[in-house]
Structure formats: C-alpha cells, structure tokens
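The next block is query_25.cif, given as mmCIF, C-alpha atoms.
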```cif
data_work
loop_
_atom_site.group_PDB
_atom_site.id
_atom_site.type_symbol
_atom_site.label_atom_id
_atom_site.label_comp_id
_atom_site.auth_asym_id
_atom_site.auth_seq_id
_atom_site.Cartn_x
_atom_site.Cartn_y
_atom_site.Cartn_z
ATOM 1 C CA MET A 18 224.951 89.404 73.817
ATOM 2 C CA ARG A 19 227.054 90.707 76.688
ATOM 3 C CA ASP A 20 226.287 90.129 80.354
ATOM 4 C CA TYR A 21 227.771 91.318 83.660
ATOM 5 C CA ARG A 22 230.850 89.096 83.204
ATOM 6 C CA ASP A 23 231.794 91.344 80.266
ATOM 7 C CA SER A 24 231.693 94.484 82.424
ATOM 8 C CA LYS A 25 235.355 95.420 81.903
ATOM 9 C CA VAL A 26 234.973 95.200 78.133
ATOM 10 C CA MET A 27 231.775 97.232 78.378
ATOM 11 C CA ALA A 28 233.512 99.903 80.490
ATOM 12 C CA LYS A 29 236.331 100.139 77.961
ATOM 13 C CA ALA A 30 233.884 100.448 75.059
ATOM 14 C CA MET A 31 231.987 103.173 76.932
ATOM 15 C CA ARG A 32 235.177 105.146 77.587
ATOM 16 C CA GLU A 33 236.168 104.891 73.911
ATOM 17 C CA ALA A 34 232.719 105.983 72.713
ATOM 18 C CA LEU A 35 232.698 108.931 75.115
ATOM 19 C CA ALA A 36 236.239 109.907 74.101
ATOM 20 C CA GLU A 37 235.062 110.145 70.484
ATOM 21 C CA ARG A 38 232.644 112.797 71.757
ATOM 22 C CA ASP A 39 235.371 114.584 73.752
ATOM 23 C CA VAL A 40 234.038 113.297 77.087
ATOM 24 C CA THR A 41 236.695 111.800 79.336
ATOM 25 C CA ILE A 42 236.055 109.507 82.300
ATOM 26 C CA THR A 43 238.428 107.220 84.180
ATOM 27 C CA HIS A 44 238.281 103.456 83.838
ATOM 28 C CA SER A 45 237.115 103.164 87.454
ATOM 29 C CA GLU A 46 234.291 105.657 86.782
ATOM 30 C CA ALA A 47 233.239 103.577 83.776
ATOM 31 C CA LEU A 48 233.243 100.403 85.881
ATOM 32 C CA GLU A 49 231.067 102.095 88.511
ATOM 33 C CA ILE A 50 228.566 103.119 85.795
ATOM 34 C CA VAL A 51 228.441 99.599 84.347
ATOM 35 C CA ALA A 52 227.851 98.145 87.823
ATOM 36 C CA ARG A 53 224.913 100.528 88.328
ATOM 37 C CA GLN A 54 223.512 99.541 84.920
ATOM 38 C CA PHE A 55 223.310 95.974 86.223
ATOM 39 C CA GLY A 56 221.492 97.179 89.347
ATOM 40 C CA LEU A 57 224.450 96.971 91.730
ATOM 41 C CA SER A 58 225.528 99.869 93.908
ATOM 42 C CA ASN A 59 229.247 99.811 93.014
ATOM 43 C CA TRP A 60 232.051 98.047 91.169
ATOM 44 C CA ASN A 61 233.316 96.178 94.259
ATOM 45 C CA ILE A 62 229.996 94.354 94.558
ATOM 46 C CA MET A 63 229.986 93.604 90.816
ATOM 47 C CA SER A 64 233.558 92.312 90.950
ATOM 48 C CA ALA A 65 232.750 90.051 93.916
ATOM 49 C CA LYS A 66 229.718 88.660 92.037
ATOM 50 C CA ILE A 67 231.864 87.857 89.010
ATOM 51 C CA GLU A 68 234.443 86.101 91.204
ATOM 52 C CA GLU A 69 231.724 84.104 93.002
ATOM 53 C CA ASP A 70 230.270 82.972 89.699
ATOM 54 C CA LEU A 71 233.683 81.917 88.382
ATOM 55 C CA ALA A 72 234.328 79.910 91.560
ATOM 56 C CA ALA A 73 230.898 78.260 91.304
ATOM 57 C CA GLN A 74 231.556 77.324 87.667
ATOM 58 C CA SER A 75 234.866 75.699 88.621
ATOM 59 C CA GLY A 76 233.026 73.357 91.012
ATOM 60 C CA GLU A 77 235.309 74.196 93.933
ATOM 61 C CA GLY A 78 233.782 74.853 97.312
ATOM 62 C CA ILE A 79 236.559 77.254 98.265
ATOM 63 C CA ALA A 80 237.176 80.424 96.313
ATOM 64 C CA LEU A 81 240.013 82.723 97.314
ATOM 65 C CA GLU A 82 240.033 86.244 95.985
ATOM 66 C CA GLN A 83 242.968 88.489 95.257
ATOM 67 C CA ALA A 84 244.711 89.760 98.379
ATOM 68 C CA VAL A 85 244.536 93.537 98.689
ATOM 69 C CA PRO A 86 247.570 94.929 100.539
ATOM 70 C CA ILE A 87 247.076 97.852 102.903
ATOM 71 C CA VAL A 88 249.847 100.407 102.423
ATOM 72 C CA ARG A 89 250.590 103.026 105.090
ATOM 73 C CA ILE A 90 250.713 106.620 103.816
ATOM 74 C CA PHE A 91 251.342 109.936 105.582
ATOM 75 C CA ASP A 92 250.733 112.696 103.025
ATOM 76 C CA VAL A 93 247.815 112.732 100.577
ATOM 77 C CA ALA A 94 249.519 115.067 98.068
ATOM 78 C CA LYS A 95 252.676 112.916 97.903
ATOM 79 C CA THR A 96 250.525 109.804 97.690
ATOM 80 C CA SER A 97 248.609 111.218 94.712
ATOM 81 C CA GLU A 98 251.790 112.347 92.975
ATOM 82 C CA PHE A 99 253.377 108.907 93.307
ATOM 83 C CA TYR A 100 250.508 106.408 92.931
ATOM 84 C CA LEU A 101 248.183 108.328 90.613
ATOM 85 C CA GLY A 102 250.582 110.547 88.693
ATOM 86 C CA TYR A 103 253.720 108.424 88.462
ATOM 87 C CA LEU A 104 252.416 104.834 88.608
ATOM 88 C CA GLY A 105 249.132 105.547 86.801
ATOM 89 C CA PHE A 106 246.666 104.115 89.309
ATOM 90 C CA THR A 107 243.131 105.489 89.529
ATOM 91 C CA VAL A 108 241.074 106.111 92.659
ATOM 92 C CA ASP A 109 238.209 103.631 93.061
ATOM 93 C CA TRP A 110 236.877 105.124 96.289
ATOM 94 C CA GLU A 111 237.901 107.170 99.312
ATOM 95 C CA HIS A 112 236.650 107.123 102.897
ATOM 96 C CA ARG A 113 237.040 109.391 105.921
ATOM 97 C CA TYR A 114 234.987 109.194 109.097
ATOM 98 C CA GLY A 115 234.632 112.980 109.037
ATOM 99 C CA ASP A 116 236.478 116.251 108.543
ATOM 100 C CA ASN A 117 240.085 116.141 109.695
ATOM 101 C CA PHE A 118 240.107 112.320 109.902
ATOM 102 C CA PRO A 119 242.630 109.983 108.234
ATOM 103 C CA LEU A 120 242.078 108.936 104.628
ATOM 104 C CA TYR A 121 241.454 105.336 103.585
ATOM 105 C CA MET A 122 241.216 104.712 99.860
ATOM 106 C CA GLN A 123 241.320 102.034 97.198
ATOM 107 C CA ILE A 124 243.319 102.541 94.019
ATOM 108 C CA SER A 125 243.661 100.193 91.070
ATOM 109 C CA ARG A 126 245.420 99.611 87.809
ATOM 110 C CA SER A 127 245.132 96.655 85.435
ATOM 111 C CA GLY A 128 243.479 94.413 88.016
ATOM 112 C CA LEU A 129 245.838 95.288 90.879
ATOM 113 C CA ARG A 130 244.075 96.853 93.855
ATOM 114 C CA LEU A 131 245.805 98.553 96.775
ATOM 115 C CA HIS A 132 244.341 100.067 99.910
ATOM 116 C CA LEU A 133 246.169 103.195 101.059
ATOM 117 C CA SER A 134 245.667 104.256 104.643
ATOM 118 C CA GLU A 135 246.601 107.179 106.866
ATOM 119 C CA HIS A 136 245.273 105.224 109.877
ATOM 120 C CA ALA A 137 248.117 104.525 112.321
ATOM 121 C CA GLY A 138 247.140 100.920 113.081
ATOM 122 C CA ASP A 139 246.499 99.680 109.566
ATOM 123 C CA ALA A 140 250.003 98.987 108.332
ATOM 124 C CA THR A 141 253.650 99.627 108.998
ATOM 125 C CA PRO A 142 255.648 101.884 106.677
ATOM 126 C CA GLY A 143 258.443 100.137 104.849
ATOM 127 C CA GLY A 144 256.403 97.200 103.581
ATOM 128 C CA ASN A 145 257.372 95.179 100.519
ATOM 129 C CA MET A 146 255.002 93.807 97.855
ATOM 130 C CA CYS A 147 255.691 91.476 94.948
ATOM 131 C CA VAL A 148 253.419 92.038 91.957
ATOM 132 C CA TYR A 149 253.591 89.445 89.185
ATOM 133 C CA MET A 150 252.725 90.901 85.814
ATOM 134 C CA THR A 151 253.232 90.836 82.073
ATOM 135 C CA GLY A 152 254.372 93.819 80.019
ATOM 136 C CA ILE A 153 257.124 94.868 82.419
ATOM 137 C CA ARG A 154 259.223 96.399 79.630
ATOM 138 C CA ASP A 155 256.283 98.626 78.675
ATOM 139 C CA LEU A 156 255.839 99.642 82.308
ATOM 140 C CA HIS A 157 259.537 100.467 82.524
ATOM 141 C CA LYS A 158 259.328 102.669 79.416
ATOM 142 C CA GLU A 159 256.218 104.364 80.776
ATOM 143 C CA LEU A 160 257.892 105.144 84.104
ATOM 144 C CA GLN A 161 261.070 106.394 82.414
ATOM 145 C CA ALA A 162 258.988 108.728 80.239
ATOM 146 C CA GLN A 163 257.409 110.221 83.381
ATOM 147 C CA ASP A 164 260.799 111.692 84.348
ATOM 148 C CA TYR A 165 259.736 111.515 88.000
ATOM 149 C CA ARG A 166 262.300 113.500 89.952
ATOM 150 C CA TYR A 167 262.445 111.149 92.941
ATOM 151 C CA MET A 168 262.964 107.837 91.178
ATOM 152 C CA LYS A 169 264.513 106.388 88.040
ATOM 153 C CA PRO A 170 263.987 102.616 88.398
ATOM 154 C CA GLY A 171 265.953 100.200 86.300
ATOM 155 C CA LEU A 172 264.859 96.924 84.801
ATOM 156 C CA GLN A 173 266.790 94.080 86.437
ATOM 157 C CA ASP A 174 267.361 90.691 84.820
ATOM 158 C CA GLU A 175 267.218 88.126 87.627
ATOM 159 C CA GLY A 176 267.682 85.056 85.428
ATOM 160 C CA ASP A 177 264.193 83.555 85.368
ATOM 161 C CA ARG A 178 262.407 86.891 85.729
ATOM 162 C CA LEU A 179 262.630 90.612 85.063
ATOM 163 C CA GLU A 180 262.160 92.958 88.021
ATOM 164 C CA LEU A 181 261.404 96.631 88.387
ATOM 165 C CA GLN A 182 261.334 98.028 91.921
ATOM 166 C CA VAL A 183 259.819 101.315 93.041
ATOM 167 C CA THR A 184 259.669 102.832 96.515
ATOM 168 C CA ASP A 185 256.903 105.214 97.513
ATOM 169 C CA PRO A 186 257.510 108.390 99.564
ATOM 170 C CA PHE A 187 256.834 106.403 102.757
ATOM 171 C CA SER A 188 259.439 103.639 102.124
ATOM 172 C CA ASN A 189 256.905 101.060 100.897
ATOM 173 C CA ARG A 190 258.411 99.001 98.077
ATOM 174 C CA ILE A 191 256.664 97.421 95.118
ATOM 175 C CA ARG A 192 258.613 94.811 93.183
ATOM 176 C CA PHE A 193 257.022 94.282 89.775
ATOM 177 C CA MET A 194 258.095 90.893 88.380
ATOM 178 C CA GLU A 195 257.598 89.186 85.056
ATOM 179 C CA ILE A 196 258.471 85.505 84.765
ATOM 180 C CA LYS A 197 260.398 84.965 81.517
ATOM 181 C CA SER A 198 258.857 81.576 80.652
ATOM 182 C CA ARG A 199 255.394 83.126 80.109
#
```

Can the structure in the file be given as structure tokens, please?
Amino acid sequence: MRDYRDSKVMAKAMREALAERDVTITHSEALEIVARQFGLSNWNIMSAKIEEDLAAQSGEGIALEQAVPIVRIFDVAKTSEFYLGYLGFTVDWEHRYGDNFPLYMQISRSGLRLHLSEHAGDATPGGNMCVYMTGIRDLHKELQAQDYRYMKPGLQDEGDRLELQVTDPFSNRIRFMEIKSR
C-alpha cells in the first residue's frame, strides 16, 4: 500500500489516468492534489515532511535540503517563454503583495526548483548556476527540437562531464552537467 512517501508516483499515476479521460493537469497540480489528499495544505509542506522523515531514518541530526536559487527576472512574458516554454518548467506557485507589485514565483522540473523574482533586492542579474543531472543528451535533443529563436545551445564534452549551457533573457546562466562516470 502506498503512503505519502510515494506521492510523486501517485501524482504521475493520477495524471496518466486523467489523460486517458482527456483531462490534462500539470505535474505540479497533481502534486498539490496529492498533498491535499494527505491533509496537507500544499506540496511544499508535503515535500518538507518527506525530507524530514528521510533525514530521521538516516539517524543524522543534521538534514540539509536542496538549495533553491533565487533568479532575478525583469519581464514576466519573457520569463514564461524561456523557463516554461523553452526549458519545460512548471509553475508551482506565484506571489505578489498586491496589484502592480513584483512577482515572486517557484518553478520546478524533475526535482529542480528555482525561485524567480522581480524584486530588486533578491538577486543580481547575470548569476550562474550549475545543475548536475542525468539524461543531458535527451535534454539537448528536447531543446534543439524547440527551435527557440534566441538560443541554440550545444552539448560540450569537458572530459569527465558533458555540459549544456543556457542563458535566460536577463543574463542568468544555467550550466547543466552530467558526470560521465555515472
């Protein structure tokens, strides 16, 4: 029997079952629904609970979670085109303090979470992130198939790793890296 630690598998199964009935929801929407089914208000709380339980099972007193970079953005439409359309992230949540206030949002894809912010003090444009991953050749093919007019990244062989670098419309770079020995 499944429990909350199987929530990602449950979300995937729900999406597949709904798709068979011509109902489409995003993976993040499915995760939010699963979290609510377990009595939690959102996926972030569910994810934190899973991480806490894994740390407790390991017997360590210290449990570090994944770092979530804050990326400075200036234009919501360009941000959506690049991160959601081109890179395939989904929106987990958005926040504004009111009408005509800067956007702060979380996006995710395959376990990677990023916070995107229009707030002037949150980050400096031109940042650089390294994202270790597997399946970099598939990502490269996916990005090439997008035929995104502003970027045609290559796959670089750096000896012990493969790298694919993209730069968002605000000069923030993401270096996707796959270690060859994996």

- Task: Within 12 Å of Ser198 (chain A), counting all atoms listed in the file, which residues show up once you throw out same-chain ones fewer than 3 positions away? Write them as number ranges by chain, please.
- Result: A: 151, 176-179, 195

- Task: Check the smallest atom-to-atom distance from each of A:Thr107, A:His112, A:Ala52, A:Leu181 to Met146 (chain A) using all atoms listed in the file, then report the winner.
- Result: A:Leu181

Can you list, as a PDB file with C-alpha atoms, in the coordinates of the input, every protein, DNA or RNA residue that comes within 12 Å of Lys158 (chain A) when you count all atoms listed in the file, leaving out same-chain residues fewer than 2 positions away?
```
ATOM      1  CA  LEU A 104     252.416 104.834  88.608  1.00  0.00           C
ATOM      2  CA  GLY A 152     254.372  93.819  80.019  1.00  0.00           C
ATOM      3  CA  ILE A 153     257.124  94.868  82.419  1.00  0.00           C
ATOM      4  CA  ARG A 154     259.223  96.399  79.630  1.00  0.00           C
ATOM      5  CA  ASP A 155     256.283  98.626  78.675  1.00  0.00           C
ATOM      6  CA  LEU A 156     255.839  99.642  82.308  1.00  0.00           C
ATOM      7  CA  LEU A 160     257.892 105.144  84.104  1.00  0.00           C
ATOM      8  CA  GLN A 161     261.070 106.394  82.414  1.00  0.00           C
ATOM      9  CA  ALA A 162     258.988 108.728  80.239  1.00  0.00           C
ATOM     10  CA  GLN A 163     257.409 110.221  83.381  1.00  0.00           C
ATOM     11  CA  ASP A 164     260.799 111.692  84.348  1.00  0.00           C
ATOM     12  CA  LYS A 169     264.513 106.388  88.040  1.00  0.00           C
ATOM     13  CA  PRO A 170     263.987 102.616  88.398  1.00  0.00           C
ATOM     14  CA  GLY A 171     265.953 100.200  86.300  1.00  0.00           C
ATOM     15  CA  LEU A 172     264.859  96.924  84.801  1.00  0.00           C
ATOM     16  CA  LEU A 181     261.404  96.631  88.387  1.00  0.00           C
TER      17      LEU A 181
END
```

- Message: If I take CA of Glu111 (chain A) and CA of Asp20 (chain A), how far is one from the other in Å, to one decimal?
- Response: 28.0 Å

Could you pull the residues within 12 Å of Gln83 (chain A), counting all atoms listed in the file, minus those fewer than 6 positions along the same chain, as a PDB file with C-alpha atoms, in the frame of the given file?
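around_30.pdb written:
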```pdb
ATOM      1  CA  SER A  64     233.558  92.312  90.950  1.00  0.00           C
ATOM      2  CA  ALA A  65     232.750  90.051  93.916  1.00  0.00           C
ATOM      3  CA  GLU A  68     234.443  86.101  91.204  1.00  0.00           C
ATOM      4  CA  GLY A 128     243.479  94.413  88.016  1.00  0.00           C
ATOM      5  CA  LEU A 129     245.838  95.288  90.879  1.00  0.00           C
ATOM      6  CA  ARG A 130     244.075  96.853  93.855  1.00  0.00           C
ATOM      7  CA  LEU A 131     245.805  98.553  96.775  1.00  0.00           C
ATOM      8  CA  VAL A 148     253.419  92.038  91.957  1.00  0.00           C
TER       9      VAL A 148
END
```

- Item | Straight-line distance linking CA of Phe193 (chain A) with CA of Glu180 (chain A), stated in Å to one decimal | 5.6 Å

- Task: Could you please determine the separation between CA of Ser134 (chain A) and CA of Ile87 (chain A) in Å, to one decimal place?
- Result: 6.8 Å

Taking only residues of region 104-163 of chain A that have an atom at most 12 Å from an atom of region 33-48 of chain A, what is each one's shortest atom pair and its distance in Å to one decimal, using only C-alpha atoms, in chain and number order, as a tab-separated table?
```
residue	atom	partner	partner_atom	distance
A:Gly105	CA	A:Thr43	CA	11.1
A:Phe106	CA	A:Ser45	CA	9.8
A:Thr107	CA	A:Ser45	CA	6.8
A:Val108	CA	A:Ser45	CA	7.2
A:Asp109	CA	A:Ser45	CA	5.7
A:Trp110	CA	A:Ser45	CA	9.1
A:Gln123	CA	A:Ser45	CA	10.7
A:Ile124	CA	A:Ser45	CA	9.1
A:Ser125	CA	A:Ser45	CA	8.0
A:Arg126	CA	A:His44	CA	9.0
A:Ser127	CA	A:His44	CA	9.8
A:Gly128	CA	A:Ser45	CA	10.8
A:Arg130	CA	A:Ser45	CA	11.4
```

- Looking at only C-alpha atoms, which of A:Val85, A:Leu120, A:Met168, A:Ile62 is the one that sits closest to Cys147 (chain A)?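 Closest candidate: A:Val85.
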
- Mind checking which residues fall within 10 Å of Thr141 (chain A), counting only C-alpha atoms, ignoring those fewer than 2 positions away in the same chain, and posting them as a list in words?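 Near Thr141 (chain A), the qualifying residues are Ile87, Val88, Arg89, Ile90, Ala137, Gly138, Asp139, Gly143, Gly144, Phe187, Ser188 and Asn189 of chain A.
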
Can those selected residues be exported to a file as a PDB file, keeping the file's coordinate frame so that it contains C-alpha atoms?
```pdb
ATOM      1  CA  ILE A  87     247.076  97.852 102.903  1.00  0.00           C
ATOM      2  CA  VAL A  88     249.847 100.407 102.423  1.00  0.00           C
ATOM      3  CA  ARG A  89     250.590 103.026 105.090  1.00  0.00           C
ATOM      4  CA  ILE A  90     250.713 106.620 103.816  1.00  0.00           C
ATOM      5  CA  ALA A 137     248.117 104.525 112.321  1.00  0.00           C
ATOM      6  CA  GLY A 138     247.140 100.920 113.081  1.00  0.00           C
ATOM      7  CA  ASP A 139     246.499  99.680 109.566  1.00  0.00           C
ATOM      8  CA  GLY A 143     258.443 100.137 104.849  1.00  0.00           C
ATOM      9  CA  GLY A 144     256.403  97.200 103.581  1.00  0.00           C
ATOM     10  CA  PHE A 187     256.834 106.403 102.757  1.00  0.00           C
ATOM     11  CA  SER A 188     259.439 103.639 102.124  1.00  0.00           C
ATOM     12  CA  ASN A 189     256.905 101.060 100.897  1.00  0.00           C
TER      13      ASN A 189
END
```

- Report the residues retrieved by the PyMOL selection byres ((chain A and resi 191) around 6) from the displayed file, expressed as a ChimeraX atom specification. /A:145-146,182-183,190,192

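Of the listed residues (A:Trp60, A:Phe99, A:Phe118, A:Pro86), A:Pro86 comes nearest to His132 (chain A); the distances count all atoms listed in the file.
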
Provide an axis-aligned box for all listed atoms of region 107-111 of chain A, padding each side by 6 Å; report its centre and its edge lengths in Å to one decimal, as AutoDock Vina command-line options.
```
--center_x 240.0 --center_y 105.4 --center_z 94.4 --size_x 18.3 --size_y 15.5 --size_z 21.8
```

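Shortest separation to Ile67 (chain A) among A:Lys25, A:Arg32, A:Arg53, A:Arg166 occurs at residue A:Lys25, atoms counted being all atoms listed in the file.
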
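Closest approach to Gly102 (chain A) from the set A:Ile50, A:Lys197, A:Tyr165, A:Glu175 is made by A:Tyr165, with distances taken over only C-alpha atoms.
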